[in-house]
Amino acid sequence: MASDGPEPVGSRGTGVLPSRSAAAGGTEPLGAVLDEVRLGDGGSRAEIVRHTGLSRGVVAQRLSDLAGAGLILDTEFAKSTGGRPARRIHFNAEAGTLLVADVGATSIDVAITDLAGTILASRAEDADVAEGPEAVLERVQDLFDEVLAGASGADGAPPWGIGIGVPGPVEFATGRPVSPPIMPGWNGHPVRDKFVERYGAPVWVDNDVNIMALGEWRAGVARFHDNVVFIKIGTGIGAGVISDGYLHRGARGSAGDVGHIQVTDDRSVVCRCGNIGCLEALAGGHALAREAQAAAADGRSAYLAQLLAAGSRLTARDLAAGATRGDPVCQELLQRSGHLVGAMLAGVVNFFNPSLIVIGGGVASAGDQLLAAVREAVYRRSLPLATRDLLILPSALGGRTGVIGAAAMVADELFSPMHLDTTMSRSGMTDRGGRENTVRVGSPERENNVAQPVGGTA
Ligand SMILES: [Zn+2]
């Protein structure tokens, strides 16, 4: 399948569930069989036939193709309780590596993972996204080079794909940020092209809340839910939306930008997006840090005043620490933030009817008080039918949510019907063999054609 030319703009899901891709019938059998092996826990041929609804002959042929490309492994004699041993088919996650980065407002997290998103090596450091794309992306590249050099599973082979999350809206088709409020200088910056040039691998860029939603959905608390809202409360506030088993990006990639919903008409509340009264301007980490500073300066909070006197630059994390220690001003400020977020989410719940809301991000992870306030407001203000089975849970993956989700995004794209052919030819080139207790069916094809970077013309 050719990948020259930009992908269509829109909400094509990256989180294809096996049941969905197979049941849809229109998805290519090759992708359906691979998804069944890749996203399930491995299974027998008979199970793959049953789960995909494809004929035994088609499944056998597709498994042979996938084995030829080194993408699956066939365990020869699995333990059995009697009778003929069943052969188990596994995804060969070690066939290649992915490079992923989660660029937050105040931090950079990078990792090298296998094709199943298992982290092989990672690095993290503080950063300020407001320093602009040149400086920040150079740090990402330096950290990429470090994990490439340090991962034992990588052995110098180029990555199969690269995924990058940034804290603002991204036009997914071109991999360029679009007027991101907390990222001065990033508007329209060719983030994707820069990495395609340097690493010669296909690159996907997305809003960090989208990849965090994917991470929780693939490997965290949202695994068994098809309608999920992941809300990130960090320096900014945003949401990633899984709708009926697909990541919903919206027509232009800005779905879930809930931080800029207006929650007050107080003209003194000016948001960094230029509007008045945004949720983020009242309840985000930036706003909380400002409140913490004020409460320390005028002595309302003894705890914060002490930190300020010791020379600290106060952050939302200090507020959370103060709340945990029982400081009433810190508790009140966090509760107010939680109630504002919860009131907004109540509207989202009425509109979208998710079965799960996952709360993550730097501010949210700092304490239970905020989560309790969010819960209280959502349950109080949403319609009873919408909250009957609604769960509101903290992120299970914490600081790793973004990189795990970025790996899921890249793998889903590499193995999507649009890119699978290119990925398989690349696979033949770089396959490094299987695990000790398994044998590969067929032999990998060696080809010299280099995979075209996705969207390299964009
Ligand atoms: Zn705003």
# chains A, B, ... in the order shown; residues from 1 in each chain; ligands from 1
$ select_by_dssp --residues "region 176-400 of chain A" --states "strand (DSSP E)" --output "PyMOL selection string"
chain A and resi 176-177+203-207+228-233+237-243+246-247+356-360+391-394
$ write_last_selection --atoms "N, CA and C atoms" --output "compact mmCIF listing (two decimals), in the first residue's frame"
# COMPACT_ATOMS: atom_id res chain seq x y z
N ARG A 176 1.64 18.72 12.55
CA ARG A 176 2.01 20.08 12.94
C ARG A 176 1.07 20.61 14.02
N PRO A 177 1.61 21.21 15.09
CA PRO A 177 0.76 21.85 16.09
C PRO A 177 -0.02 23.01 15.48
N VAL A 203 6.80 8.85 11.11
CA VAL A 203 6.61 9.60 12.35
C VAL A 203 5.16 10.04 12.48
N TRP A 204 4.60 9.89 13.68
CA TRP A 204 3.27 10.41 13.96
C TRP A 204 3.33 11.32 15.17
N VAL A 205 2.62 12.45 15.07
CA VAL A 205 2.61 13.44 16.15
C VAL A 205 1.16 13.66 16.56
N ASP A 206 0.92 13.75 17.86
CA ASP A 206 -0.46 13.96 18.32
C ASP A 206 -0.44 14.77 19.61
N ASN A 207 -1.62 15.28 19.93
CA ASN A 207 -1.81 15.95 21.21
C ASN A 207 -1.52 14.94 22.33
N VAL A 228 -14.51 6.26 26.67
CA VAL A 228 -13.65 6.73 27.75
C VAL A 228 -13.28 8.20 27.54
N VAL A 229 -13.25 8.96 28.62
CA VAL A 229 -12.67 10.30 28.58
C VAL A 229 -11.45 10.30 29.49
N PHE A 230 -10.28 10.60 28.93
CA PHE A 230 -9.07 10.78 29.74
C PHE A 230 -8.90 12.27 29.93
N ILE A 231 -8.94 12.73 31.18
CA ILE A 231 -8.77 14.16 31.41
C ILE A 231 -7.42 14.41 32.08
N LYS A 232 -6.64 15.27 31.44
CA LYS A 232 -5.32 15.60 31.98
C LYS A 232 -5.42 16.94 32.69
N ILE A 233 -5.06 16.93 33.96
CA ILE A 233 -4.98 18.19 34.70
C ILE A 233 -3.51 18.41 35.02
N ILE A 237 -5.23 21.98 30.77
CA ILE A 237 -6.27 20.96 30.97
C ILE A 237 -6.77 20.53 29.59
N GLY A 238 -6.85 19.23 29.37
CA GLY A 238 -7.35 18.75 28.08
C GLY A 238 -7.90 17.35 28.24
N ALA A 239 -8.59 16.87 27.22
CA ALA A 239 -9.18 15.54 27.29
C ALA A 239 -8.91 14.76 26.01
N GLY A 240 -8.68 13.45 26.18
CA GLY A 240 -8.61 12.52 25.06
C GLY A 240 -9.85 11.65 25.11
N VAL A 241 -10.44 11.40 23.95
CA VAL A 241 -11.74 10.75 23.90
C VAL A 241 -11.66 9.44 23.11
N ILE A 242 -11.99 8.32 23.76
CA ILE A 242 -12.17 7.05 23.06
C ILE A 242 -13.67 6.86 22.88
N SER A 243 -14.12 6.83 21.63
CA SER A 243 -15.54 6.73 21.35
C SER A 243 -15.84 5.43 20.61
N TYR A 246 -12.74 3.71 19.33
CA TYR A 246 -11.80 4.44 18.48
C TYR A 246 -11.39 5.75 19.16
N LEU A 247 -10.13 6.13 18.97
CA LEU A 247 -9.70 7.45 19.43
C LEU A 247 -10.36 8.49 18.54
N LEU A 356 -16.27 5.41 31.59
CA LEU A 356 -15.10 5.64 32.46
C LEU A 356 -14.49 7.01 32.18
N ILE A 357 -14.18 7.72 33.26
CA ILE A 357 -13.37 8.93 33.15
C ILE A 357 -12.06 8.63 33.88
N VAL A 358 -10.94 8.83 33.20
CA VAL A 358 -9.63 8.63 33.82
C VAL A 358 -9.02 10.00 34.07
N ILE A 359 -8.57 10.22 35.30
CA ILE A 359 -7.99 11.51 35.66
C ILE A 359 -6.48 11.36 35.76
N GLY A 360 -5.74 12.13 34.98
CA GLY A 360 -4.28 12.04 35.02
C GLY A 360 -3.65 13.41 34.88
N LEU A 391 -17.62 5.14 36.02
CA LEU A 391 -16.48 5.05 36.92
C LEU A 391 -15.59 6.27 36.71
N ILE A 392 -15.03 6.79 37.80
CA ILE A 392 -14.05 7.88 37.71
C ILE A 392 -12.81 7.41 38.46
N LEU A 393 -11.72 7.17 37.72
CA LEU A 393 -10.54 6.54 38.32
C LEU A 393 -9.28 7.34 38.01
N PRO A 394 -8.30 7.28 38.92
CA PRO A 394 -7.02 7.91 38.60
C PRO A 394 -6.27 7.09 37.55
$ residues_near_ligand --ligand "ligand 1" --cutoff "12 Å" --atoms "only C-alpha atoms and all ligand atoms" --output "PyMOL selection string"
chain A and resi 168+179-182+236-238+257-264+269-284+287
$ closest_residue --among "A:Ala111, A:Leu63, A:Leu99, A:Leu30" --to "Ala411 (chain A)" --atoms "only C-alpha atoms"
A:Leu99
$ atom_distance --atom1 "CA of Arg290 (chain A)" --atom2 "CA of Asn187 (chain A)"
26.0 Å
$ select_by_dssp --residues "region 132-200 of chain A" --states "alpha helix (DSSP H)" --output "number ranges by chain"
A: 133-150, 191-199
$ write_last_selection --atoms "C-alpha atoms" --output "PDB file, in the first residue's frame"
ATOM      1  CA  PRO A 133      10.410  23.934  19.062  1.00  0.00           C
ATOM      2  CA  GLU A 134      14.083  24.236  18.079  1.00  0.00           C
ATOM      3  CA  ALA A 135      15.442  23.967  21.615  1.00  0.00           C
ATOM      4  CA  VAL A 136      12.893  21.431  22.882  1.00  0.00           C
ATOM      5  CA  LEU A 137      13.042  19.088  19.877  1.00  0.00           C
ATOM      6  CA  GLU A 138      16.824  19.150  19.965  1.00  0.00           C
ATOM      7  CA  ARG A 139      16.627  17.851  23.536  1.00  0.00           C
ATOM      8  CA  VAL A 140      14.177  15.161  22.396  1.00  0.00           C
ATOM      9  CA  GLN A 141      16.652  14.089  19.696  1.00  0.00           C
ATOM     10  CA  ASP A 142      19.525  13.999  22.210  1.00  0.00           C
ATOM     11  CA  LEU A 143      17.434  11.845  24.555  1.00  0.00           C
ATOM     12  CA  PHE A 144      16.414   9.606  21.632  1.00  0.00           C
ATOM     13  CA  ASP A 145      20.079   9.092  20.801  1.00  0.00           C
ATOM     14  CA  GLU A 146      20.775   8.217  24.452  1.00  0.00           C
ATOM     15  CA  VAL A 147      18.038   5.569  24.660  1.00  0.00           C
ATOM     16  CA  LEU A 148      19.022   4.187  21.247  1.00  0.00           C
ATOM     17  CA  ALA A 149      22.557   3.752  22.512  1.00  0.00           C
ATOM     18  CA  GLY A 150      21.499   2.383  25.881  1.00  0.00           C
ATOM     19  CA  VAL A 191       7.638  18.445  13.975  1.00  0.00           C
ATOM     20  CA  ARG A 192       7.077  15.288  11.934  1.00  0.00           C
ATOM     21  CA  ASP A 193       9.299  16.286   9.003  1.00  0.00           C
ATOM     22  CA  LYS A 194      12.187  17.047  11.327  1.00  0.00           C
ATOM     23  CA  PHE A 195      12.212  13.519  12.769  1.00  0.00           C
ATOM     24  CA  VAL A 196      11.523  11.833   9.413  1.00  0.00           C
ATOM     25  CA  GLU A 197      14.639  13.571   8.067  1.00  0.00           C
ATOM     26  CA  ARG A 198      16.839  12.577  10.949  1.00  0.00           C
ATOM     27  CA  TYR A 199      15.783   8.971  11.539  1.00  0.00           C
TER      28      TYR A 199
END
$ residues_around --residues "Ala201 (chain A)" --least-positions-apart "4" --cutoff "7 Å" --atoms "only C-alpha atoms" --output "VMD selection string"
chain A and resid 159 to 162 196 453
$ closest_residue --among "A:Ala296, A:Ala95, A:Leu308, A:Val403" --to "Ala69 (chain A)" --atoms "only C-alpha atoms"
A:Ala95
$ closest_residue --among "A:Asn353, A:Arg317, A:Phe415, A:Leu345" --to "Arg375 (chain A)" --atoms "only C-alpha atoms"
A:Leu345
$ closest_residue --among "A:Thr106, A:Thr423, A:Ser382, A:Asn92" --to "Gly70 (chain A)" --atoms "only C-alpha atoms"
A:Asn92
